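For reference, the structure is listed below as structure tokens.
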Protein chains: 2
Amino acid sequence: MPDRKSRRFSSTIDVVLLTAVGGQLAVLLWRSPEGREKWMLPWDAPRPAESMEASAARIARSVAVGDPAWIEQVGAFGDGKRHPSDAELSVAYVGLVPMGTPSPVGGAYAWFPIADVPQLAPRQRQMLDSAITMIRGRMDQSPVAFRLLPQMFTLTELQQMYELLLTKRLHKASFRRALQGAWLVEPTDEWRSEGRGRPAQLYRYAPRKRRPAQRGIRLDLLSS
Amino acid sequence: MPDRKSRRFSSTIDVVLLTAVGGQLAVLLWRSPEGREKWMLPWDAPRPAESMEASAARIARSVAVGDPAWIEQVGAFGDGKRHPSDAELSVAYVGLVPMGTPSPVGGAYAWFPIADVPQLAPRQRQMLDSAITMIRGRMDQSPVAFRLLPQMFTLTELQQMYELLLTKRLHKASFRRALQGAWLVEPTDEWRSEGRGRPAQLYRYAPRKRRPAQRGIRLDLLSS
DNA sequence: GACATTAGTTACAGGACGTGACTAATTCAG
DNA sequence: CTGAATTAGTCACGTCCTGTAACTAATGTC
């Protein structure tokens, strides 16, 4: 082990806020009120005696309406890639906002479908990609899809959210059968009529403890 | 968005080096040659113009023999938890070392089975736990088990490595069938006789591209 | 040569999954 | 009022995957 000195670094906390808009994942970007053309992920310096997660929650709160329904660290980014600040190190967090949450109307913020994100600073682009990869990979372990939906939702909406995240179509019967076996939702006694067609029952997220899913091995390695 | 200033922070890179020793996961700890009783994860300050991953690799190289077979970021840790340095922020990396790699004999380093790790600084304890959780969760997506084995191994050794990481017994036939279907290994023409019993054929890790594993949904959420 | 030991394969039953076809409840057009 | 269109929800069946036990194969030991 070499000498045991830490080094001074300038750092930021950056937040990737995601929601679903019009059947697509969307990310909240911000630009300075001075009207320059540069959009960026919301970020700020951490404050003294404030945990990183608290910083991320504060930043999220300052740009979206209310707290995100879920927040988690993505990782630390730096390595010479450019950032809107001069910071050498940035810690990225990803937050999920339920779809339909009214967004601040000020022209300084906007939701961008992830296919239409304008050019970002390279480090922020990397953080965005990592955040999306992360929530897609965590769908099996965390209630990601549910945090992008309102508290009550129809099973069709839930399925569409999964299809959005997996970027692939699912079969209705299979989806519901799997859902049944997972004990994740419970029906409410409310129904929603979407205009034409039979009304759908509303469900809420209410996970029950289950046997630890005794499945054997998954050797789905390397989709190379 | 508040003011756009980044803040100066002292930071370190910490490395969780893991290997398998005697049927258990083990982590490399270091203590200062002055003979104080405090064991710790190897760490150092990042150097200017050195990427974080390069720092981690350098630190790993300085304490183990040769490069780890795999390295990946775990995340950023801080939040007031104590660290051997006075750094406010530490970025943790996890590295895997093939079992059987001769370790440096100097009394300053030792492999500790993860059940017998001595008391660490709280932040380092958190990093260790996160690193272990991370590689256990990543077994399905990355060749974690193979990086803990030598280049050539028997299928029984591979199965035992999976059992070690999953902390559960697997059935021989199921394991080999899944392995067959995953096109992950290829046989060599070498055999190893372990004393008594039929000799085992040696295999090497050689993943072949496969169709993207069309499996539907996995709703194995929340083992709560 | 019998036996213990470890490697590796085969066979079968039960469960999970993909799929298409079915029923149910509503709106809309005429 | 009636029937077509539309969306919700269920059922049934064939196929594949997985857990399991029993089997064969090759070696060392006595």
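Residues in the structure tokens are numbered from 1 in each chain, the chains being A, B, ... in the order shown, and ligands are numbered from 1 in the order shown.
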
Practice prompt. Output the contact residues of chain D with respect to chain B at a cut-off of 8 Å, based on only C-alpha atoms (C1' of nucleotides), as a ChimeraX atom specification.
Written response: /D:18-19,25-28

Practice prompt. Kindly provide, as an NGL selection string, the residues of chain C having any atom no farther than 10 Å from an atom of chain B, counting only C-alpha atoms (C1' of nucleotides).
Written response: :C and (4-10 or 17-18)

Item to complete: Check segment 87-222 of chain B with DSSP on the backbone and list each residue it calls strand (DSSP E or B), as a PyMOL selection string.
Response: chain B and resi 89-96+109-113+152-154+185-192+200-205

Worksheet item: For chain B, which residue among A:Thr19, A:Thr133, A:Gln159, A:Ser62 is the nearest when counting only C-alpha atoms?
Response: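 Under the stated criterion, the closest residue is A:Ser62.
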
Worksheet item: Which residue, B:Leu18, B:Ile114, B:Met99, B:Leu165, has the smallest gap to chain A when you use only C-alpha atoms?
Response: B:Leu165

Practice prompt. Rank nothing, just name the residue among B:Val74, B:Leu25, B:Ala110, B:Ala20 nearest to chain A, using only C-alpha atoms.
Written response: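 Answer, going by the shortest atom-to-atom distance: B:Val74.
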
Practice prompt. Excluding Ala131 of chain A and any residue of its chain fewer than 4 positions from it, enumerate the residues within 12 Å of it, using only C-alpha atoms (C1' of nucleotides), and give them as a ChimeraX atom specification.
Written response: /A:14-18,25,27,41,71-77,91-96,114,124-127,135-138

Please produce a file of the residues just selected, as a CSV table (one decimal), in the first residue's frame, where the atoms kept are C-alpha atoms.
```csv
chain,number,residue,atom,x,y,z
A,14,ASP,CA,-26.7,14.3,-10.6
A,15,VAL,CA,-30.2,12.9,-10.8
A,16,VAL,CA,-31.8,10.9,-13.7
A,17,LEU,CA,-35.5,11.3,-13.2
A,18,LEU,CA,-37.5,8.9,-15.3
A,25,LEU,CA,-39.6,6.3,-21.1
A,27,VAL,CA,-36.1,11.8,-18.7
A,41,LEU,CA,-29.6,16.5,-16.1
A,71,ILE,CA,-34.5,6.5,-5.8
A,72,GLU,CA,-31.2,4.6,-6.0
A,73,GLN,CA,-27.6,5.2,-6.6
A,74,VAL,CA,-26.3,4.4,-10.1
A,75,GLY,CA,-22.6,4.9,-9.5
A,76,ALA,CA,-19.7,7.3,-9.6
A,77,PHE,CA,-18.7,8.9,-12.9
A,91,VAL,CA,-22.4,10.6,-8.3
A,92,ALA,CA,-25.5,9.7,-10.3
A,93,TYR,CA,-28.9,8.7,-8.8
A,94,VAL,CA,-31.9,7.5,-10.6
A,95,GLY,CA,-35.4,8.4,-9.5
A,96,LEU,CA,-38.8,7.1,-10.7
A,114,ILE,CA,-35.3,8.8,-24.3
A,124,GLN,CA,-24.2,13.0,-18.2
A,125,ARG,CA,-24.9,10.9,-21.3
A,126,GLN,CA,-23.1,8.1,-19.7
A,127,MET,CA,-25.0,8.5,-16.5
A,135,ILE,CA,-33.6,0.0,-13.9
A,136,ARG,CA,-34.1,-2.4,-16.8
A,137,GLY,CA,-31.9,-4.9,-15.1
A,138,ARG,CA,-33.5,-4.4,-11.7
```

Fill in: Nearest-residue call for chain A, choices B:Asp67, B:Asp140, B:Glu37, B:Glu88, using only C-alpha atoms
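That would be B:Asp140, the residue with the smallest distance to chain A.
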
Practice prompt. Report as JSON, numbers by chain: the residues of segment 20-191 of chain A with a DSSP assignment of alpha helix (DSSP H), based on the backbone of this structure.
Written response: {"A": [52, 53, 54, 55, 56, 57, 58, 59, 60, 61, 62, 63, 122, 123, 124, 125, 126, 127, 128, 129, 130, 131, 132, 133, 134, 135, 136, 137, 138, 144, 145, 146, 147, 155, 156, 157, 158, 159, 160, 161, 162, 163, 164, 165, 166, 172, 173, 174, 175, 176, 177, 178, 179, 180, 181, 182]}

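Taking atom CA of Leu219 of chain B as the reference point, atom CA of Ala182 of chain A is found at 6.2 Å.
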
Discussion item. Can you tell me which residues surround DT23 of chain C at a distance of at most 12 Å, considering only C-alpha atoms (C1' of nucleotides), apart from same-chain residues fewer than 3 positions away, and format the answer as a list in words?
Written reply: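 Skipping anything fewer than 3 positions along the chain leaves DA8, DG9, DT10 and DC11 of chain D.
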
Discussion item. One decimal, in Å: what's the spacing between atom C1' of DA21 of chain D and atom C1' of DG15 of chain C?
Written reply: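 Separation of atom C1' of DA21 of chain D and atom C1' of DG15 of chain C: 17.6 Å.
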